[in-house]
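To start, the structure under review is shown below, and the notes come after it.
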Amino acid sequence: LMNSDLNSLLSAIDDAARMVPPFAHPKLDEAMRMKDILEEEKKLRLKLRIANENNDIEQIVALMELADEMGIVNQETENAKALLQRVEEERVTKLRIREAAALKDYNAINFLLQKVSEMGITGEEIEIAREVQKEMNMRLAALKNLALACNSRYMDGILKCMAECEKLGINYADEIEEAKRVKHELEQEQQAIATLLEAIESMKLDVLDCAIEAASQLGISKQSHMEFGDALLTRDAIMKKIETDQKKLALELKNVTKGSDSEAIASAITKSMAAGMMPKYAAEINT
């Protein structure tokens, strides 16, 4: 009785039953009750073992309630507890990953997918989370490429990356706003360069000066854009031609006005000024 071993108990009861005269003792009644308990425990252990092997959670829960009522603790009940704990952990993990996918919580999704992979958990929730993770990876990659394009200030690259972001449904992000700003700056620069090229073609000093000033206001320089350097060279060439022409005009007027007729000299200066002669060359007429 103290060892509660079913086989030994059955053997002792059988021995007592064969005794002549029949064995009568208070312990015999206790032994019979213990036999019934041990037989019930044996049946319960067998059912638990089968339920554990089949992952029959509903049956395990019912059998564990019965085992608790009977005060039974053995390897099968320990195995059943471990299985129920794992099932509960799986349930909670699936719930968390479902919530993370719904919220598009990137860090939580990555952490939980790693966890379910280690636990060997599968299910619809896991597949949905993987799809969300894949989508978010694509979105992050698109934003990263957009940022790189902005840093390089490459218009075609920016436009391509912005189109990819729009395709992925990315309507607002810091990278998008920065791309819009850089795109606007590049459009202004492109317009300024186009204006510079037109000014160079016109060979008009005032037009060229306006184009150069506008480009400078945008931070354009000969180091950043060769067109700006070409504009400066063109301006220098125009200025040299103007100086050469006006020197020639001043000399011709000087020769014409060598006489003492002040009115003629004044008239010559007025004409030279009207022709756009610089004052310093006009003044040479009097020397």
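Each chain in the structure tokens gets a letter, A, B and so on, in the order shown; residues start at 1 in every chain, and ligands are counted from 1 in the order they appear.
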
Mind the document's chain letters and residue numbers, and return as an NGL selection string the residues of segment 112-262 of chain A that DSSP labels alpha helix (DSSP H). :A and (112-119 or 124-152 or 155-167 or 174-202 or 205-217 or 226-256 or 262)

Residue contacts of Thr195 of chain A (12 Å, only C-alpha atoms) excluding same-chain residues fewer than 6 positions away, as JSON, numbers by chain: {"A": [188, 189, 201, 202, 207, 208, 209, 210, 211, 212, 213, 214, 215, 227, 228, 231]}
